[in-house]
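Working notes, beginning with the structure itself.
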There are 2 protein chains.
Amino acid sequence: MRTDFPSWMTAHQSRFEDVLQSLLPQAVIAPERLHQAMRYSVLDGGKRVRPLLAFAAGELAGADVLRVNIAAAAVELIHAYSLVHDDMPCMDDDVLRRGKPTCHVQYDEATALLVGDSLQSLAFQLLAEHELCDDPARQLSMIRLLAEASGSRGMAGGQAIDLESVGKQLALPELEFMHIHKTGALIRASVLLGAQCGNASPDQLERLDHFGKCVGLAFQVVDDVLDASEDTATLGKTAGKDAESNKPTYVTLLGMQEARKMAESLHLGALEALSEFGESALRLRELADFIVLRKF
Amino acid sequence: MRTDFPSWMTAHQSRFEDVLQSLLPQAVIAPERLHQAMRYSVLDGGKRVRPLLAFAAGELAGADVLRVNIAAAAVELIHAYSLVHDDMPCMDDDVLRRGKPTCHVQYDEATALLVGDSLQSLAFQLLAEHELCDDPARQLSMIRLLAEASGSRGMAGGQAIDLESVGKQLALPELEFMHIHKTGALIRASVLLGAQCGNASPDQLERLDHFGKCVGLAFQVVDDVLDASEDTATLGKTAGKDAESNKPTYVTLLGMQEARKMAESLHLGALEALSEFGESALRLRELADFIVLRKF
């Protein structure tokens, strides 16, 4: 019998922490300080949403979990590097992340810069040095997928658009374009990489791609809704820190009501994309619910 | 008949500029500003020493130059990203590079951060999406090689050691350890990747590896010698900007005379590693001469 979703999630999160522990360079290896800072920035943090999506997609596609571990770690290292760089003074200038001082506060800016750079290299090193699937040519295409999702036409490009958007009036398509890149690309890659460690057909990959796109965008809409509604409740403001910093959000653009509707509609789209998979897509369905229904 | 070395070099440099032009995202593609800044940071700059080493090693190994183009571009993008990040205020805080304002001066710090990040992703994307050799499994090992050479146990690690060394008394082995990582790893990777686009045997790769190590270290020793002697001549100081910023160099550690001797001995080691290749190693020999004999 299958375990319930919270148990499944907790088991993977805990197991995956050990995976990251062993894949990151040990803190006693030179250069020690850099390796300590890399471990500080990756370990013991976050819900590991992207790895969970990879594990769920891997289960759907009958993938060996030892292979999915590597794909999930690569995606999480890319995500972790982007947080370290995002938190730096020249970007968001954040001093706290997950209740701990951010990397450049705990160490220094130069180290944070090198931590991010090194985590990115390590992500691609992992994808190249471990066997992810039976076909090396397919493995090359998986590396390409993560590189595209990370680069100027993926996550980093989304951050560049985000920078430019501060103080501007974005239309809905522009906001969507930004988020599809900034968070959507990596979430989509998580699902596809997990599935490609197994035996998903091109047709199945296409449906999973659509699932990933819906979930990725829903993730952001829900973030905006939570950011606005939490502050409204606790601080008595009409909008949260995004509005304060003059960043366009789905809530400022659509209003709270419509933003919630949009999240629900994306949620539905994600579930529909899974309809033909039956029981094998259980964990992906549960993750979609978890991501969208977090709090509202 | 073969062309002379200067003609060979100029032809490759000019041709390679077009290669980079076409492989970098066009400036009209969104996000435009990021793509403009990426092009600004890579194009029209430098002697392209690493690509030239890849082309020379590719010629030795009978590689298709269209394949070597990709390997050379990947290495050069990694090098370019490291320069953009190195120049940032939290690292070396340089405002000029190759006679132009550095990326963060011309654009802004956040953009420079994202330019470096995106150039690194693009390097791995290129290695994964183009065919570099006949065997996809070997291509995976080439990606792994560049990732290791770039990361915390390669170039980025060398920069971390460099940061820590400011104001410290390093012994010669520590200085060597730093440079083997900081510049040596990528130079070594350039030679090996070029050769692996062709048909170098494991034994040949081992000798080329030794060549790459010697040239990489010689490159740095010569840099130190030039830095010290140029300032001595033109500014009347006993040492250049490295000594000023209290960074250990081969000259401050060994003295000018011994540093020159060390460069010559590494030069000799590099040439010896090529001795069994005969005529096919002509360009690599000429490059070793070019790198070591630059000015002294």
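Residue numbering restarts at 1 for every chain of the structure tokens, chains are lettered A, B, ... in their displayed order, and ligands are numbered from 1 as they appear.
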
Determine, for each residue of chain B having at least one atom at most 6 Å from an atom of chain A, the closest pair of atoms and their separation in Å to one decimal, counting only C-alpha atoms; order by chain and ascending number, as a tab-separated table.
residue	atom	partner	partner_atom	distance
B:Cys90	CA	A:Ala110	CA	5.3
B:Met91	CA	A:Ala110	CA	5.5
B:Glu109	CA	A:Cys90	CA	5.9
B:Ala110	CA	A:Cys90	CA	5.3
B:Ser118	CA	A:Gly151	CA	4.6
B:Ser121	CA	A:Gly151	CA	5.1
B:Gln125	CA	A:Arg144	CA	4.9
B:Ala128	CA	A:Leu140	CA	5.2
B:Glu129	CA	A:Arg144	CA	5.9
B:Pro136	CA	A:Ala137	CA	5.4
B:Ala137	CA	A:Pro136	CA	5.4
B:Leu140	CA	A:Ala128	CA	5.2
B:Arg144	CA	A:Gln125	CA	4.9
B:Ala147	CA	A:Gln125	CA	5.1
B:Gly151	CA	A:Ser118	CA	4.6
B:Ser152	CA	A:Ser118	CA	5.2

Could you pull the residues within 7 Å of stretch 185-202 of chain B, counting only C-alpha atoms, minus those fewer than 5 positions along the same chain, as a CSV table (one decimal) with N, CA and C atoms, in the first residue's frame?
chain,number,residue,atom,x,y,z
B,50,ARG,N,43.2,30.6,-25.0
B,50,ARG,CA,42.6,29.3,-24.7
B,50,ARG,C,42.0,28.6,-26.0
B,51,PRO,N,41.2,29.4,-26.8
B,51,PRO,CA,40.7,28.8,-28.0
B,51,PRO,C,41.9,28.4,-29.0
B,53,LEU,N,44.8,27.4,-28.2
B,53,LEU,CA,45.3,26.1,-27.7
B,53,LEU,C,44.4,24.9,-28.1
B,54,ALA,N,43.1,25.2,-28.0
B,54,ALA,CA,42.2,24.1,-28.5
B,54,ALA,C,42.3,23.8,-30.0
B,55,PHE,N,42.5,24.9,-30.8
B,55,PHE,CA,42.6,24.7,-32.2
B,55,PHE,C,43.9,24.0,-32.5
B,57,ALA,N,45.6,21.9,-30.6
B,57,ALA,CA,45.5,20.5,-30.1
B,57,ALA,C,44.5,19.8,-31.0
B,58,GLY,N,43.5,20.4,-31.5
B,58,GLY,CA,42.6,19.8,-32.5
B,58,GLY,C,43.3,19.4,-33.8
B,61,ALA,N,45.3,16.4,-33.4
B,61,ALA,CA,44.5,15.1,-33.3
B,61,ALA,C,43.6,14.9,-34.5
B,62,GLY,N,43.8,15.7,-35.5
B,62,GLY,CA,43.0,15.5,-36.7
B,62,GLY,C,41.5,15.8,-36.5
B,63,ALA,N,41.2,16.8,-35.7
B,63,ALA,CA,39.8,17.1,-35.4
B,63,ALA,C,39.2,18.0,-36.4
B,64,ASP,N,37.9,17.8,-36.7
B,64,ASP,CA,37.1,18.7,-37.5
B,64,ASP,C,37.0,20.1,-36.8
B,67,ARG,N,33.9,21.2,-35.0
B,67,ARG,CA,33.7,20.7,-33.7
B,67,ARG,C,34.6,21.4,-32.7
B,68,VAL,N,35.8,21.7,-33.0
B,68,VAL,CA,36.7,22.4,-32.1
B,68,VAL,C,36.2,23.8,-31.8
B,71,ALA,N,34.0,23.6,-28.7
B,71,ALA,CA,34.8,23.4,-27.5
B,71,ALA,C,35.5,24.6,-27.1
B,72,ALA,N,36.1,25.3,-28.2
B,72,ALA,CA,36.9,26.5,-27.9
B,72,ALA,C,35.9,27.6,-27.4
B,75,VAL,N,35.1,27.0,-23.7
B,75,VAL,CA,36.2,27.4,-22.8
B,75,VAL,C,36.2,28.9,-22.7
B,132,LEU,N,30.4,17.0,-30.6
B,132,LEU,CA,31.8,17.3,-30.5
B,132,LEU,C,32.7,16.1,-30.9
B,133,CYS,N,32.2,14.9,-30.9
B,133,CYS,CA,33.0,13.8,-31.3
B,133,CYS,C,32.0,12.7,-31.6
B,142,MET,N,33.8,14.9,-21.7
B,142,MET,CA,34.3,16.3,-22.0
B,142,MET,C,33.6,17.4,-21.2
B,145,LEU,N,34.9,17.3,-17.8
B,145,LEU,CA,36.2,17.9,-17.7
B,145,LEU,C,36.1,19.4,-17.6
B,146,LEU,N,35.2,20.0,-18.4
B,146,LEU,CA,35.1,21.5,-18.3
B,146,LEU,C,34.5,21.9,-17.0
B,149,ALA,N,37.0,21.7,-14.3
B,149,ALA,CA,38.0,22.7,-14.5
B,149,ALA,C,37.5,24.1,-14.1
B,150,SER,N,36.2,24.3,-14.1
B,150,SER,CA,35.6,25.6,-13.8
B,150,SER,C,35.2,25.8,-12.4
B,154,GLY,N,38.6,23.8,-9.4
B,154,GLY,CA,39.3,24.3,-10.5
B,154,GLY,C,39.4,25.8,-10.4
B,155,MET,N,38.9,26.4,-11.5
B,155,MET,CA,39.1,27.9,-11.6
B,155,MET,C,38.5,28.7,-10.4
B,180,ILE,N,47.6,26.6,-10.3
B,180,ILE,CA,47.2,25.4,-11.0
B,180,ILE,C,45.7,25.4,-11.1
B,208,LEU,N,49.6,15.4,-23.6
B,208,LEU,CA,49.0,16.8,-23.8
B,208,LEU,C,48.6,17.4,-22.5
B,209,ASP,N,48.2,16.5,-21.6
B,209,ASP,CA,47.8,17.0,-20.2
B,209,ASP,C,49.0,17.6,-19.5
B,212,GLY,N,49.7,20.9,-21.1
B,212,GLY,CA,48.8,21.9,-20.6
B,212,GLY,C,49.1,22.4,-19.2
B,213,LYS,N,49.6,21.5,-18.4
B,213,LYS,CA,49.9,21.9,-17.0
B,213,LYS,C,51.1,22.8,-17.0
B,216,GLY,N,50.2,26.2,-18.6
B,216,GLY,CA,49.3,27.0,-17.7
B,216,GLY,C,50.1,27.7,-16.6

**OP:** Might you pull out every residue within 8 Å of A:Glu17, with only C-alpha atoms counted and same-chain residues fewer than 3 positions away left off, and present them as a ChimeraX atom specification?
**Re:** /A:13-14,20-21,43-44

Written file, previous selection with C-alpha atoms, as a short mmCIF file (atom, residue, chain, number, x, y, z; two decimals), in the first residue's frame:
data_model
loop_
_atom_site.label_atom_id
_atom_site.label_comp_id
_atom_site.auth_asym_id
_atom_site.auth_seq_id
_atom_site.Cartn_x
_atom_site.Cartn_y
_atom_site.Cartn_z
CA GLN A 13 13.17 15.26 1.77
CA SER A 14 15.13 13.52 4.46
CA LEU A 20 23.17 16.45 -1.21
CA GLN A 21 25.50 15.91 1.77
CA LEU A 43 22.12 22.02 3.02
CA ASP A 44 19.38 22.18 5.61
#

Original post:
Taking the backbone alone, and naming residues the way the document does, which bits of stretch 51-119 of chain B are strand (DSSP E or B) by DSSP, as JSON, numbers by chain?
Top reply: {"B": [96, 97, 100, 101]}

Only N, CA and C atoms, please: the residues just picked out, written as a compact mmCIF listing (two decimals), in the first residue's frame.
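out_25.txt written:
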# COMPACT_ATOMS: atom_id res chain seq x y z
N LEU B 96 38.33 48.97 -15.91
CA LEU B 96 38.72 48.84 -17.31
C LEU B 96 39.17 47.42 -17.61
N ARG B 97 38.81 46.93 -18.77
CA ARG B 97 39.23 45.60 -19.22
C ARG B 97 39.43 45.70 -20.72
N LYS B 100 38.22 48.84 -22.44
CA LYS B 100 36.80 49.23 -22.39
C LYS B 100 36.33 49.21 -20.93
N PRO B 101 35.29 49.98 -20.61
CA PRO B 101 34.73 49.88 -19.26
C PRO B 101 34.31 48.43 -18.98

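Residues with any atom within 8 Å of stretch 274-290 of chain A, counting only C-alpha atoms and excluding same-chain neighbours fewer than 2 positions away, are Phe5, Leu52, Leu53, Ala56, Ala57, Glu59, Leu60, Arg207, Leu208, Phe211, Val215, His267, Ala270, Leu271, Glu272, Val292, Leu293 and Arg294 of chain A.
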